[in-house]
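Engineer: Before we start, here is the structure in question, set down as structure tokens.
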2 protein chains.
Amino acid sequence: MPISGFPEWLPAQRIIEQRVIDRIRSTFELYGFAPLETRSVEPLETLLSKGETSKEVYLLHRLQAEADAKDDDQLGLHFDLTVPFARFVVENAGKLQFPFRRYQIQKVWRGERPQEGRYREFLQADIDVVNRDSLPFHYDTEMPLVIGDALGGLPIPRARILVNNRKVCEGFYRGLGLTDTDQVLRTVDKLDKIGPEKVAALLVETAGATDAQAAACLELAAISAEDGSFVDAVRKLGVSDPLLDEGLDELVRVVETAREHAPGLVAADLKIARGLDYYTGTVYETQLRGYERFGSVCSGGRYDNLASSGKERFPGVGISIGVSRMLGVLFGKQALTVSRSVPTCVLVALPHEDQRAACDRIAGALRRRGIPTEVAPAAAKFGKQIQYADRRGIPYVWFPGEPDTVKDIRSGEQVDADVTAWQPPDADLHPSVSGEPQ
Amino acid sequence: MPISGFPEWLPAQRIIEQRVIDRIRSTFELYGFAPLETRSVEPLETLLSKGETSKEVYLLHRLQAEADAKDDDQLGLHFDLTVPFARFVVENAGKLQFPFRRYQIQKVWRGERPQEGRYREFLQADIDVVNRDSLPFHYDTEMPLVIGDALGGLPIPRARILVNNRKVCEGFYRGLGLTDTDQVLRTVDKLDKIGPEKVAALLVETAGATDAQAAACLELAAISAEDGSFVDAVRKLGVSDPLLDEGLDELVRVVETAREHAPGLVAADLKIARGLDYYTGTVYETQLRGYERFGSVCSGGRYDNLASSGKERFPGVGISIGVSRMLGVLFGKQALTVSRSVPTCVLVALPHEDQRAACDRIAGALRRRGIPTEVAPAAAKFGKQIQYADRRGIPYVWFPGEPDTVKDIRSGEQVDADVTAWQPPDADLHPSVSGEPQ
């Protein structure tokens, strides 16, 4: 039976997912990110020491340990790829070259109650750059460009990356005279869920804000722009603070760099906060156009204090594509389709079971030339063998003979063919993935 | 800290692992196997109902559930990919086309105490074919050919696939007059670990064998051959049984088909048993030449009764490459190396920080032509920027200028270059993986 929160795709959907992963991975590699995988488990204390997700962790128990007096040290499945990466960097710092650019495409698990579009097991695709001591800011400007490039090559709705900077918010709140800036941030983060009136009331109730301070926080959160004009809008609110200035400078650099290299991709949106509390500067969220209500499909930010060991500190910036979440939404809307449910391009028909070895040789010759090929399962009537191909979307059936012939079963066209020379059109060689007409 | 049994590769090793996975996957697809992933968890009862691995299961508990009165239904991490696949087939039979050929490359987990070469978390790459009601035997002959093709394209020692058939063993034991054939099989399976004397003693002690019967079982287990000659060797032992005949016919077909299509790849070896008890016919194990003592890196077999639902039955045959196990052994012997630890082919040098946008445009132009490119992290002295490339094995450094130039930092050769035309040699475009000289 299906288990709630643990999605499984059918083969056609898995072909689409792999195509998406391939595009993401090849883009990450074009930008020089090195591949990494970390183990699926971390000690519970590593998981609990970061962020607000402690309640979502799955712990492991060995079945045979149930009867034992003493269990292993408590291990839990990782809930993201950033915390394990930070642990890996500290643990292997002597073997890595810094700045260290890595990507990581792996499953993560969260024990929370499943809701629409929320999974307990899902695939994430992360890039991060970390450095010893300090990390140049230009890496914060690079992250959205890589994501725009990766997602831009896919047949999915266009991505819009919304960027903010914690320093802008914290500096602004401090400049307003609010002291519990974390509480303000957490409250403003609920804007989309509970609306401005309730946020204002909560700010007064839980963060010690006056009505005027709460209103100013909401005015800040309402600001967004695709260029540096948001700075003037913030200035007009009349708040000043050195951290606010620093944050605004950084945020302008992200927005303006994106405007130069990828117009229309990035917007400053000052209500973006990100729940996890390890971010210290830039934060990113990403919407697919037309799918805004499904929330962010790609998020991340700058974390200056996540990875540290004694005197060493490894600040980083990263961003994570929620692959399962994104595909779940698009599959739910039938917004991605594939031309066939198998990799096979050619089915070799089997005239008689005693010709299987000869048919296997034909298949071998086609495979050596990179053409995915199967031999028919049994020497049934040719009509039934063609049906085998048709039901899977296999476009060509090869008939051994003198000479061999190959039939495009979509058009019915059948031509003489030589295993050493025949080549399908490029578009037919592999399954092709299409999006809905935008 | 490292956690015993949960291996983590450094980026250079991960590049090798990905290259291995890419080769395996592309081979599986050339043979028309469709991709599939199943969730990582199964209900405990599904895991416990198959095979002898119940003691090795990791159960999941939600951290927040500790305080609750009632936990979720018990879920465990899968210990192989065959049991989840069988469950998936039964559950989705109405949506799949049969015979169903799928591959699956995923992590699996076993809670056992780690030993050398045994992991608690490891990657497997499986192919299986299942059908409704009955599955033609020729699929049993196909499995070793696919594996030979997949592994044969890698710079690793040559694979040797050892094949046996449960029907040969069971029929022989029965023909000898032994009734507890499962117990005989389990005992003979310990041959490599405890040696023939102890196996003979155990057969007498636990399986009701006479000394002569025990000796005959050992004689059978000693038979191996790269062609059909093993049949005569078995016949000389003077045992006859219809199941033995059926098994010998099947085993001959596997060995002779491999002899025709891939000479030297496959041998019949009548001591191969496989511990898991769901196999019903053909069984496979695989050794790498020179690494025989490390055991099997690729195993599987025919299972006629694993997947069933009421009146429906889905017999299958499959084989699984132990990717982590194989790489762990080869990494341990420094038998696989890679030319660099990053995907990057070109580092664009940065003459001054205010030229970053121009350098990003150069990098963008090279990436659009498929050349993995990074821009230097900072406008340090060129010597330091070249060192950045050298430490990672990046072969080329690009210097913006009029005209631009590109330097092969291995040879020192520097030439004029145009971002729209310059192309590295194919061998330099991606990291290249090498094996030890065989």
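To be explicit about the labels: the chains of the structure tokens are called A, B, and onward in the order shown, and within each one the residues are counted from 1, while ligands get numbers from 1 in the order they are shown.
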List every residue of stretch 212-293 of chain A that DSSP, applied to the backbone of this structure, places in strand (DSSP E or B), and write the result as a PyMOL selection string.
Structural biologist: chain A and resi 224-225+266-269+282-288
Engineer: When the cut-off is 8 Å and we count only C-alpha atoms, which residues of chain A are near chain B, given as a compact mmCIF listing (two decimals) with N, CA, C and O atoms, in the first residue's frame?
Structural biologist:
# COMPACT_ATOMS: atom_id res chain seq x y z
N MET A 1 0.84 -1.21 0.00
CA MET A 1 0.00 0.00 0.00
C MET A 1 0.87 1.25 0.00
O MET A 1 1.94 1.25 0.59
N PHE A 6 5.43 9.40 1.33
CA PHE A 6 6.56 8.74 0.65
C PHE A 6 6.19 8.50 -0.81
O PHE A 6 5.72 7.41 -1.16
N PRO A 7 6.37 9.49 -1.67
CA PRO A 7 5.88 9.38 -3.04
C PRO A 7 6.70 8.37 -3.85
O PRO A 7 7.88 8.16 -3.60
N GLU A 8 6.03 7.73 -4.79
CA GLU A 8 6.72 6.85 -5.76
C GLU A 8 6.20 7.20 -7.15
O GLU A 8 4.99 7.21 -7.37
N TRP A 9 7.10 7.46 -8.08
CA TRP A 9 6.69 7.77 -9.44
C TRP A 9 6.64 6.50 -10.27
O TRP A 9 7.41 5.56 -10.05
N LEU A 10 5.75 6.50 -11.25
CA LEU A 10 5.75 5.42 -12.24
C LEU A 10 6.94 5.62 -13.18
O LEU A 10 7.53 6.71 -13.21
N PRO A 11 7.32 4.59 -13.96
CA PRO A 11 8.52 4.70 -14.79
C PRO A 11 8.52 5.93 -15.71
O PRO A 11 9.56 6.59 -15.86
N ARG A 14 9.46 8.75 -13.63
CA ARG A 14 10.86 8.63 -13.22
C ARG A 14 11.79 9.04 -14.37
O ARG A 14 12.85 9.62 -14.14
N ILE A 15 11.41 8.74 -15.62
CA ILE A 15 12.21 9.20 -16.76
C ILE A 15 12.27 10.73 -16.76
O ILE A 15 13.33 11.32 -16.96
N GLU A 29 27.76 21.18 -12.77
CA GLU A 29 29.13 20.83 -13.16
C GLU A 29 29.72 21.87 -14.11
O GLU A 29 30.92 22.17 -14.05
N LEU A 30 28.88 22.45 -14.98
CA LEU A 30 29.38 23.53 -15.86
C LEU A 30 29.90 24.71 -15.06
O LEU A 30 30.77 25.44 -15.51
N TYR A 31 29.34 24.91 -13.87
CA TYR A 31 29.80 26.00 -13.00
C TYR A 31 30.92 25.54 -12.06
O TYR A 31 31.30 26.28 -11.16
N GLY A 32 31.39 24.31 -12.24
CA GLY A 32 32.54 23.86 -11.46
C GLY A 32 32.23 23.35 -10.07
O GLY A 32 33.14 23.20 -9.25
N PHE A 33 30.96 23.07 -9.78
CA PHE A 33 30.65 22.48 -8.47
C PHE A 33 31.02 21.00 -8.50
O PHE A 33 30.65 20.28 -9.43
N ALA A 34 31.74 20.55 -7.49
CA ALA A 34 32.17 19.16 -7.41
C ALA A 34 31.06 18.33 -6.76
O ALA A 34 30.36 18.81 -5.87
N PRO A 35 30.92 17.08 -7.18
CA PRO A 35 29.87 16.23 -6.61
C PRO A 35 30.24 15.76 -5.21
O PRO A 35 31.40 15.53 -4.90
N LEU A 36 29.23 15.64 -4.37
CA LEU A 36 29.43 15.10 -3.03
C LEU A 36 28.16 14.36 -2.61
O LEU A 36 27.06 14.77 -3.01
N GLU A 37 28.33 13.29 -1.90
CA GLU A 37 27.21 12.69 -1.17
C GLU A 37 27.65 12.50 0.26
O GLU A 37 28.77 12.05 0.52
N THR A 38 26.79 12.83 1.18
CA THR A 38 27.07 12.50 2.57
C THR A 38 26.18 11.32 2.96
O THR A 38 25.18 11.04 2.30
N ARG A 39 26.57 10.63 4.03
CA ARG A 39 25.72 9.54 4.54
C ARG A 39 24.32 10.08 4.84
O ARG A 39 24.15 11.29 5.03
N SER A 40 23.34 9.20 4.91
CA SER A 40 21.96 9.62 5.16
C SER A 40 21.69 9.95 6.62
O SER A 40 20.67 10.56 6.93
N SER A 54 13.92 20.17 14.79
CA SER A 54 14.17 19.01 15.63
C SER A 54 12.95 18.08 15.68
O SER A 54 13.09 16.88 15.68
N LYS A 55 11.77 18.67 15.66
CA LYS A 55 10.59 17.82 15.82
C LYS A 55 10.34 16.92 14.62
O LYS A 55 9.53 16.01 14.68
N GLU A 56 11.04 17.18 13.50
CA GLU A 56 10.74 16.47 12.27
C GLU A 56 11.68 15.29 12.00
O GLU A 56 11.62 14.68 10.96
N VAL A 57 12.56 15.00 12.94
CA VAL A 57 13.61 14.01 12.66
C VAL A 57 13.09 12.58 12.81
O VAL A 57 12.32 12.28 13.72
N TYR A 58 13.54 11.71 11.87
CA TYR A 58 13.33 10.27 12.03
C TYR A 58 14.56 9.66 12.67
O TYR A 58 15.67 9.75 12.13
N LEU A 59 14.39 9.00 13.80
CA LEU A 59 15.48 8.28 14.44
C LEU A 59 15.52 6.84 13.95
O LEU A 59 14.49 6.27 13.60
N LEU A 60 16.72 6.25 13.96
CA LEU A 60 16.87 4.85 13.58
C LEU A 60 17.06 3.97 14.82
O LEU A 60 17.78 4.34 15.74
N HIS A 61 16.41 2.82 14.77
CA HIS A 61 16.67 1.78 15.78
C HIS A 61 16.90 0.47 15.06
O HIS A 61 16.09 0.13 14.20
N ARG A 62 17.95 -0.25 15.41
CA ARG A 62 18.11 -1.57 14.82
C ARG A 62 17.05 -2.49 15.41
O ARG A 62 16.84 -2.51 16.61
N LEU A 63 16.43 -3.27 14.52
CA LEU A 63 15.38 -4.18 14.97
C LEU A 63 15.89 -5.11 16.06
O LEU A 63 15.25 -5.30 17.08
N GLN A 64 17.10 -5.65 15.85
CA GLN A 64 17.62 -6.62 16.82
C GLN A 64 18.06 -5.94 18.12
O GLN A 64 18.26 -6.60 19.12
N GLU A 91 34.75 18.22 9.30
CA GLU A 91 35.40 16.93 9.52
C GLU A 91 36.54 16.66 8.53
O GLU A 91 37.52 16.00 8.85
N GLN A 97 39.94 21.60 -0.74
CA GLN A 97 40.50 22.86 -1.22
C GLN A 97 39.45 23.95 -1.05
O GLN A 97 38.32 23.77 -1.49
N PRO A 99 38.23 28.15 -1.58
CA PRO A 99 36.80 27.92 -1.41
C PRO A 99 36.37 26.60 -2.02
O PRO A 99 36.84 26.23 -3.10
N GLY A 111 9.97 13.92 9.51
CA GLY A 111 8.93 13.10 10.13
C GLY A 111 7.60 13.81 10.32
O GLY A 111 6.73 13.30 11.01
N GLU A 121 9.65 11.97 2.58
CA GLU A 121 10.90 11.60 1.89
C GLU A 121 10.91 12.36 0.59
O GLU A 121 9.94 12.28 -0.18
N PRO A 136 33.85 35.63 0.06
CA PRO A 136 33.51 36.84 -0.70
C PRO A 136 32.02 36.89 -1.02
O PRO A 136 31.39 35.86 -1.28
N HIS A 261 23.05 39.68 -15.96
CA HIS A 261 23.31 38.39 -16.59
C HIS A 261 22.05 37.60 -16.93
O HIS A 261 22.08 36.71 -17.80
N SER A 341 7.53 5.30 -22.10
CA SER A 341 7.73 4.89 -20.70
C SER A 341 8.93 3.98 -20.53
O SER A 341 9.16 3.44 -19.46
N VAL A 342 9.70 3.79 -21.60
CA VAL A 342 10.91 2.96 -21.56
C VAL A 342 12.01 3.70 -22.33
O VAL A 342 11.72 4.52 -23.18
N PRO A 343 13.28 3.38 -22.05
CA PRO A 343 14.36 4.01 -22.82
C PRO A 343 14.45 3.47 -24.26
O PRO A 343 15.06 4.09 -25.12
N THR A 344 13.85 2.30 -24.48
CA THR A 344 14.00 1.57 -25.74
C THR A 344 13.58 2.37 -26.97
O THR A 344 12.47 2.89 -27.02
N ARG A 361 22.15 -10.67 -31.64
CA ARG A 361 23.31 -10.05 -32.30
C ARG A 361 22.91 -8.73 -32.96
O ARG A 361 23.67 -7.76 -32.93
N ARG A 367 23.01 -1.53 -30.08
CA ARG A 367 23.43 -0.97 -28.78
C ARG A 367 24.85 -0.42 -28.85
O ARG A 367 25.14 0.62 -28.27
N GLY A 370 24.94 2.92 -29.67
CA GLY A 370 24.25 3.85 -28.78
C GLY A 370 22.75 3.88 -28.92
O GLY A 370 22.09 4.79 -28.39
N ILE A 371 22.17 2.89 -29.59
CA ILE A 371 20.72 2.88 -29.81
C ILE A 371 20.06 1.89 -28.84
O ILE A 371 20.27 0.68 -28.95
N PRO A 372 19.27 2.39 -27.88
CA PRO A 372 18.65 1.50 -26.89
C PRO A 372 17.71 0.49 -27.56
O PRO A 372 16.78 0.89 -28.27
N THR A 373 17.96 -0.78 -27.35
CA THR A 373 17.28 -1.84 -28.10
C THR A 373 16.90 -3.00 -27.20
O THR A 373 17.67 -3.40 -26.33
N GLU A 374 15.71 -3.53 -27.44
CA GLU A 374 15.26 -4.77 -26.82
C GLU A 374 14.94 -5.79 -27.90
O GLU A 374 14.57 -5.41 -29.01
N PRO A 377 9.93 -10.37 -26.39
CA PRO A 377 9.94 -11.40 -25.34
C PRO A 377 9.66 -12.80 -25.87
O PRO A 377 10.14 -13.77 -25.30
N ALA A 378 8.89 -12.91 -26.94
CA ALA A 378 8.53 -14.24 -27.45
C ALA A 378 8.23 -14.14 -28.93
O ALA A 378 7.93 -13.05 -29.46
N ARG A 391 2.54 -0.27 -26.95
CA ARG A 391 2.06 -0.01 -25.58
C ARG A 391 3.09 0.72 -24.74
O ARG A 391 2.76 1.35 -23.74
N ARG A 392 4.35 0.61 -25.11
CA ARG A 392 5.43 1.28 -24.36
C ARG A 392 5.89 2.56 -25.04
O ARG A 392 6.73 3.28 -24.51
Engineer: With only C-alpha atoms as the counted atoms, please give the residues lying no more than 10 Å from A:Asp227, apart from itself and same-chain residues fewer than 6 positions off, as a count of residues only.
Structural biologist: 14
Engineer: Any chance you could list, as an mmCIF file with C-alpha atoms, in the first residue's frame, the residues in stretch 136-291 of chain B that come up helix (DSSP H, G or I) when DSSP is run on the backbone?
Structural biologist:
data_model
loop_
_atom_site.group_PDB
_atom_site.id
_atom_site.type_symbol
_atom_site.label_atom_id
_atom_site.label_comp_id
_atom_site.auth_asym_id
_atom_site.auth_seq_id
_atom_site.Cartn_x
_atom_site.Cartn_y
_atom_site.Cartn_z
ATOM 1 C CA HIS B 138 15.837 -16.514 -21.827
ATOM 2 C CA TYR B 139 15.765 -13.579 -19.410
ATOM 3 C CA ASP B 140 17.945 -15.651 -17.058
ATOM 4 C CA THR B 141 20.520 -15.819 -19.857
ATOM 5 C CA GLU B 142 20.342 -12.072 -20.506
ATOM 6 C CA MET B 143 21.212 -10.867 -16.992
ATOM 7 C CA PRO B 144 24.947 -11.753 -17.029
ATOM 8 C CA LEU B 145 25.357 -10.239 -20.511
ATOM 9 C CA VAL B 146 24.011 -6.865 -19.349
ATOM 10 C CA ILE B 147 26.313 -6.891 -16.324
ATOM 11 C CA GLY B 148 29.302 -7.921 -18.435
ATOM 12 C CA ASP B 149 28.584 -5.029 -20.775
ATOM 13 C CA ALA B 150 28.117 -2.510 -17.938
ATOM 14 C CA LEU B 151 31.238 -3.477 -15.995
ATOM 15 C CA GLY B 152 33.296 -4.204 -19.110
ATOM 16 C CA ARG B 166 18.918 -24.034 -7.110
ATOM 17 C CA LYS B 167 17.101 -26.779 -8.994
ATOM 18 C CA VAL B 168 20.428 -28.528 -9.630
ATOM 19 C CA CYS B 169 21.247 -28.511 -5.923
ATOM 20 C CA GLU B 170 17.786 -29.356 -4.644
ATOM 21 C CA GLY B 171 17.247 -32.036 -7.285
ATOM 22 C CA PHE B 172 20.649 -33.549 -6.536
ATOM 23 C CA TYR B 173 20.104 -33.546 -2.758
ATOM 24 C CA ARG B 174 16.653 -35.053 -3.216
ATOM 25 C CA GLY B 175 17.989 -37.639 -5.670
ATOM 26 C CA LEU B 176 20.581 -38.535 -3.032
ATOM 27 C CA THR B 181 17.250 -29.636 1.104
ATOM 28 C CA ASP B 182 17.056 -26.065 2.468
ATOM 29 C CA GLN B 183 19.261 -27.004 5.377
ATOM 30 C CA VAL B 184 21.718 -28.753 3.043
ATOM 31 C CA LEU B 185 21.856 -25.629 0.846
ATOM 32 C CA ARG B 186 22.413 -23.309 3.787
ATOM 33 C CA THR B 187 25.199 -25.528 5.032
ATOM 34 C CA VAL B 188 26.955 -25.871 1.672
ATOM 35 C CA LEU B 191 31.897 -23.716 2.262
ATOM 36 C CA ASP B 192 34.102 -20.670 1.612
ATOM 37 C CA LYS B 193 33.899 -19.621 5.251
ATOM 38 C CA ILE B 194 34.393 -22.867 7.162
ATOM 39 C CA GLY B 195 35.859 -25.332 4.643
ATOM 40 C CA PRO B 196 34.739 -28.791 3.418
ATOM 41 C CA GLU B 197 35.470 -30.817 6.571
ATOM 42 C CA LYS B 198 33.243 -28.680 8.765
ATOM 43 C CA VAL B 199 30.537 -28.558 6.104
ATOM 44 C CA ALA B 200 30.557 -32.360 5.892
ATOM 45 C CA ALA B 201 30.320 -32.648 9.670
ATOM 46 C CA LEU B 202 27.460 -30.137 9.781
ATOM 47 C CA LEU B 203 25.594 -31.953 7.017
ATOM 48 C CA VAL B 204 25.710 -35.140 9.064
ATOM 49 C CA GLU B 205 24.827 -33.329 12.242
ATOM 50 C CA THR B 206 22.048 -30.961 11.095
ATOM 51 C CA ASP B 211 29.032 -39.582 5.389
ATOM 52 C CA ALA B 212 28.579 -40.744 1.780
ATOM 53 C CA GLN B 213 25.734 -38.275 1.145
ATOM 54 C CA ALA B 214 27.782 -35.445 2.659
ATOM 55 C CA ALA B 215 30.724 -36.404 0.460
ATOM 56 C CA ALA B 216 28.503 -36.385 -2.653
ATOM 57 C CA CYS B 217 27.201 -32.897 -1.782
ATOM 58 C CA LEU B 218 30.794 -31.689 -1.538
ATOM 59 C CA GLU B 219 31.685 -33.351 -4.842
ATOM 60 C CA LEU B 220 28.784 -31.525 -6.505
ATOM 61 C CA ALA B 221 29.915 -28.226 -4.973
ATOM 62 C CA PHE B 230 29.821 -29.641 -16.079
ATOM 63 C CA VAL B 231 26.771 -31.716 -16.990
ATOM 64 C CA ASP B 232 28.898 -34.813 -17.557
ATOM 65 C CA ALA B 233 30.730 -34.181 -14.298
ATOM 66 C CA VAL B 234 27.405 -34.109 -12.447
ATOM 67 C CA ARG B 235 26.115 -37.205 -14.239
ATOM 68 C CA PRO B 242 13.708 -34.714 -12.657
ATOM 69 C CA LEU B 243 14.388 -31.390 -10.909
ATOM 70 C CA LEU B 244 18.135 -31.977 -11.326
ATOM 71 C CA ASP B 245 17.608 -32.519 -15.079
ATOM 72 C CA GLU B 246 15.575 -29.324 -15.358
ATOM 73 C CA GLY B 247 18.211 -27.344 -13.465
ATOM 74 C CA LEU B 248 21.064 -28.714 -15.571
ATOM 75 C CA ASP B 249 19.228 -27.798 -18.798
ATOM 76 C CA GLU B 250 18.681 -24.247 -17.540
ATOM 77 C CA LEU B 251 22.235 -23.830 -16.314
ATOM 78 C CA VAL B 252 23.629 -25.032 -19.657
ATOM 79 C CA ARG B 253 21.551 -22.397 -21.439
ATOM 80 C CA VAL B 254 22.977 -19.587 -19.282
ATOM 81 C CA VAL B 255 26.564 -20.762 -19.746
ATOM 82 C CA GLU B 256 26.283 -21.464 -23.476
ATOM 83 C CA THR B 257 24.474 -18.197 -24.290
ATOM 84 C CA ALA B 258 27.242 -16.293 -22.500
ATOM 85 C CA ARG B 259 29.890 -18.321 -24.342
ATOM 86 C CA GLU B 260 28.409 -17.198 -27.612
ATOM 87 C CA HIS B 261 27.927 -13.508 -26.842
#
Engineer: If you measure from atom CA of A:Gly208 to atom CA of A:Gly177, what distance in Å do you get, rounded to one decimal?
Structural biologist: 10.0 Å
Engineer: Just the number, please: distance in Å from atom CA of A:Val415 to atom CA of A:Gly401, one decimal.
Structural biologist: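 Straight-line distance from atom CA of A:Val415 to atom CA of A:Gly401 works out to 11.9 Å.
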Engineer: Between atom CA of A:Ile161 and atom CA of B:Val348, measure the distance and give it in Å to one decimal.
Structural biologist: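 Interatomic distance here is 26.5 Å.
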Engineer: Counting only C-alpha atoms, what is within 12 Å of B:Leu306, bar same-chain residues fewer than 2 positions away, as an MDAnalysis selection string?
Structural biologist: chainID B and resid 46:47 49:51 82:90 130:131 276:280 301:304 308:309 312:318
Engineer: What's the 6 Å shell around stretch 287-290 of chain A, counting only C-alpha atoms, without same-chain residues fewer than 4 positions away, as a CSV table (one decimal) with N, CA, C and O atoms, in the first residue's frame?
Structural biologist:
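Below you can see around-v4.csv, which holds the result:
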chain,number,residue,atom,x,y,z
A,157,PRO,N,7.5,25.9,-16.2
A,157,PRO,CA,7.2,27.3,-16.1
A,157,PRO,C,8.5,28.1,-15.7
A,157,PRO,O,9.3,27.5,-14.9
A,158,ARG,N,8.6,29.3,-16.1
A,158,ARG,CA,9.8,30.1,-15.7
A,158,ARG,C,9.9,30.3,-14.3
A,158,ARG,O,8.9,30.6,-13.6
A,159,ALA,N,11.1,30.3,-13.8
A,159,ALA,CA,11.4,30.5,-12.3
A,159,ALA,C,11.5,32.0,-12.1
A,159,ALA,O,12.0,32.8,-12.9
A,160,ARG,N,11.1,32.4,-10.9
A,160,ARG,CA,11.3,33.8,-10.4
A,160,ARG,C,11.9,33.6,-9.0
A,160,ARG,O,11.2,33.1,-8.1
A,296,SER,N,7.6,27.9,-2.4
A,296,SER,CA,9.0,27.9,-3.0
A,296,SER,C,9.4,26.5,-3.4
A,296,SER,O,9.2,25.5,-2.7
